[in-house]
Amino acid sequence: MIILATPASSGLPLTDPVYIFCVLLLMIGLAPLLSSKLRLPSLVVLILLGTLLGSNVLGILARDQQLQLLEKIGLLYIMLLAGMQMDLSNLKQLGTRALVFGLLTFAIPLSFGILSAKLLGYALMTGLLLGIMFSPHTLVSYPIVTRLGIVRREAIGVAVGGTVVTSILTLTGLSIVQAVASGNVGWQLWAKLLIALPALVMAAFWAVPHIGRWVIKPKSTALIPQFIFVLTCLFVISSITLLLGIDSIVGAFIAGLALNSSVSPTSPLMRQVEFVGNSIFIPCFLISVGVLCNPMVLVQHPENLGLAALVIVFAVGAKFLAAWIAGTVFKYSFAEVMTMLGLTMSRAALVLVVALYGMKTIIPDGTSPILSEGLFNAIIAYIIVTCLVGPMITDTFGKRMAQTTLLEEPVPSYQDAN
């Protein structure tokens, strides 16, 4: 019996997973060709394609549960690869510098957010939330440094490690704001961050390598069980961090670090892990970021252009200042500083989550939401700009880093057609 598609299943935006995956694969396949024609990184092309086909422009794709699932897996995959590919030969120095940079790239944007809110006449609670939205970043540009073969450079490791520090501080700050807004300030959060999370890190660093010795065999050709082990570590540790009330990207990075000593950067298993991520999950994440973007807000609300420009200047300027201070102290080259800026500039899902919370939550002892509609639209514009400009900066200055010192061969990926 032949079953015909119903009108609802063939309407727009697409809802049938077969149609959605068909469109996603077409975009992933076309991205390298378009990037070579437009002379743009494939990352940027994928984000632009997602924006064009998203519900805010052509309306072909919606950021529904199916796309959000692929987006989340892609984001976790980026953090997993970041941990697995990090050069831990000088862990003490790298850890200290990552901590310092993480504190800088959190505290400076937080201060700039509070200052900009004060200049615009917003309440202190709005300033705190705006500062929290200035601080976190998403490693949208990380596949570029993978392709360029510079992932084991110290500046890249510091930027990635600082991302985890910033994410933890951002989520802590958001939890405090939420507790103040609801009147429920408790000790549970501090117990999770100061006791439970360090215990998880120690357990993962002990258990994963020990189990890995039984599963991961360097000379074995049976890669499927080894690949499943890597994915299991990723999602088990990420799930535990979620249970602790901490974002799963922190768990993904912990999983990557725990697997670092068990999986050689040049092993067939590492190539398989990278191949799956670079072929499907990471491109889907980038497309979903594009779908999230809404360029129409600048057309529909042109009065917010000035507000959006101020938000973008303060947010990007704060990230540059953090990278510049770290680069000066650690004696990094200008190309390394700008590559760190490109990696830490882009904002995506976490900022949107915080912005949506601000739109829905009333200021304590007030009648208006923490974030006004105009400020919310400015945040959307800020997400769009940083997701497009960040990869371009990373690609430009990452190439300069690759030209100065090539520490490893570039990893093949879907972007090699550039």
# chains A, B, ... in the order shown; residues from 1 in each chain; ligands from 1

$ residues_around --residues "Tyr332 of chain A" --least-positions-apart "5" --cutoff "10 Å" --atoms "only C-alpha atoms" --output "ChimeraX atom specification"
/A:154-155,323-327,337-338

$ write_last_selection --atoms "N, CA and C atoms" --output "PDB file, in the first residue's frame"
ATOM      1  N   GLU A 154      49.513  26.826  21.968  1.00  0.00           N
ATOM      2  CA  GLU A 154      49.145  27.179  23.338  1.00  0.00           C
ATOM      3  C   GLU A 154      47.990  28.182  23.384  1.00  0.00           C
ATOM      4  N   ALA A 155      48.016  29.188  22.511  1.00  0.00           N
ATOM      5  CA  ALA A 155      46.967  30.217  22.530  1.00  0.00           C
ATOM      6  C   ALA A 155      45.592  29.611  22.278  1.00  0.00           C
ATOM      7  N   ALA A 323      41.362  39.393  25.354  1.00  0.00           N
ATOM      8  CA  ALA A 323      42.369  38.677  24.557  1.00  0.00           C
ATOM      9  C   ALA A 323      43.678  39.461  24.492  1.00  0.00           C
ATOM     10  N   TRP A 324      43.582  40.786  24.370  1.00  0.00           N
ATOM     11  CA  TRP A 324      44.781  41.624  24.278  1.00  0.00           C
ATOM     12  C   TRP A 324      45.578  41.605  25.586  1.00  0.00           C
ATOM     13  N   ILE A 325      44.883  41.697  26.721  1.00  0.00           N
ATOM     14  CA  ILE A 325      45.569  41.657  28.018  1.00  0.00           C
ATOM     15  C   ILE A 325      46.255  40.300  28.203  1.00  0.00           C
ATOM     16  N   ALA A 326      45.521  39.217  27.904  1.00  0.00           N
ATOM     17  CA  ALA A 326      46.105  37.883  28.034  1.00  0.00           C
ATOM     18  C   ALA A 326      47.298  37.724  27.094  1.00  0.00           C
ATOM     19  N   GLY A 327      47.149  38.203  25.863  1.00  0.00           N
ATOM     20  CA  GLY A 327      48.249  38.094  24.898  1.00  0.00           C
ATOM     21  C   GLY A 327      49.466  38.881  25.315  1.00  0.00           C
ATOM     22  N   VAL A 337      46.567  36.658  19.323  1.00  0.00           N
ATOM     23  CA  VAL A 337      45.558  37.435  20.057  1.00  0.00           C
ATOM     24  C   VAL A 337      44.263  37.536  19.240  1.00  0.00           C
ATOM     25  N   MET A 338      44.382  37.844  17.954  1.00  0.00           N
ATOM     26  CA  MET A 338      43.198  37.999  17.121  1.00  0.00           C
ATOM     27  C   MET A 338      42.493  36.659  16.867  1.00  0.00           C
TER      28      MET A 338
END

$ residues_around --residues "Ser288 of chain A" --least-positions-apart "5" --cutoff "10 Å" --atoms "only C-alpha atoms" --output "list in words"
Leu24, Leu46, Ile47, Leu49, Gly50, Thr51, Gly54, Leu61, Ala62, Arg63, Asp64, Leu67, Gln68, Leu69, Leu70, Glu71, Lys72, Gly74, Ile282, Pro283, Cys293, Ala348 and Ala349 of chain A

$ residues_around --residues "Thr166 of chain A" --least-positions-apart "4" --cutoff "9 Å" --atoms "only C-alpha atoms" --output "list in words"
Leu99, Phe101, Gly102, Leu103, Leu104, Thr105, Phe106, Ala107, Ser135, Pro136, His137, Gly161, Gly162, Thr170 and Leu171 of chain A

$ write_last_selection --atoms "C-alpha atoms" --output "PDB file, in the first residue's frame"
ATOM      1  CA  LEU A  99      42.049  30.068  34.182  1.00  0.00           C
ATOM      2  CA  PHE A 101      42.061  34.105  30.461  1.00  0.00           C
ATOM      3  CA  GLY A 102      38.693  32.636  31.490  1.00  0.00           C
ATOM      4  CA  LEU A 103      38.481  35.096  34.380  1.00  0.00           C
ATOM      5  CA  LEU A 104      39.438  37.989  32.077  1.00  0.00           C
ATOM      6  CA  THR A 105      37.009  37.074  29.304  1.00  0.00           C
ATOM      7  CA  PHE A 106      34.224  36.792  31.879  1.00  0.00           C
ATOM      8  CA  ALA A 107      34.924  39.731  34.172  1.00  0.00           C
ATOM      9  CA  SER A 135      30.464  37.076  28.816  1.00  0.00           C
ATOM     10  CA  PRO A 136      29.762  33.592  27.371  1.00  0.00           C
ATOM     11  CA  HIS A 137      30.797  32.525  23.907  1.00  0.00           C
ATOM     12  CA  GLY A 161      40.115  26.223  28.430  1.00  0.00           C
ATOM     13  CA  GLY A 162      38.975  29.775  29.102  1.00  0.00           C
ATOM     14  CA  THR A 170      28.231  32.599  33.384  1.00  0.00           C
ATOM     15  CA  LEU A 171      25.916  29.839  34.573  1.00  0.00           C
TER      16      LEU A 171
END

$ residues_around --residues "Pro13 of chain A" --least-positions-apart "2" --cutoff "12 Å" --atoms "only C-alpha atoms" --output "VMD selection string"
chain A and resid 7 to 11 15 to 17 19 to 20 23 53 to 64 67 291

$ closest_residue --among "A:Val180, A:Val351, A:Leu52, A:Leu231" --to "Ala255 of chain A" --atoms "only C-alpha atoms"
A:Leu231

$ atom_distance --atom1 "atom CA of Trp190 of chain A" --atom2 "atom CA of Gly256 of chain A"
24.8 Å

$ atom_distance --atom1 "atom CA of Asn260 of chain A" --atom2 "atom CA of Met84 of chain A"
4.4 Å
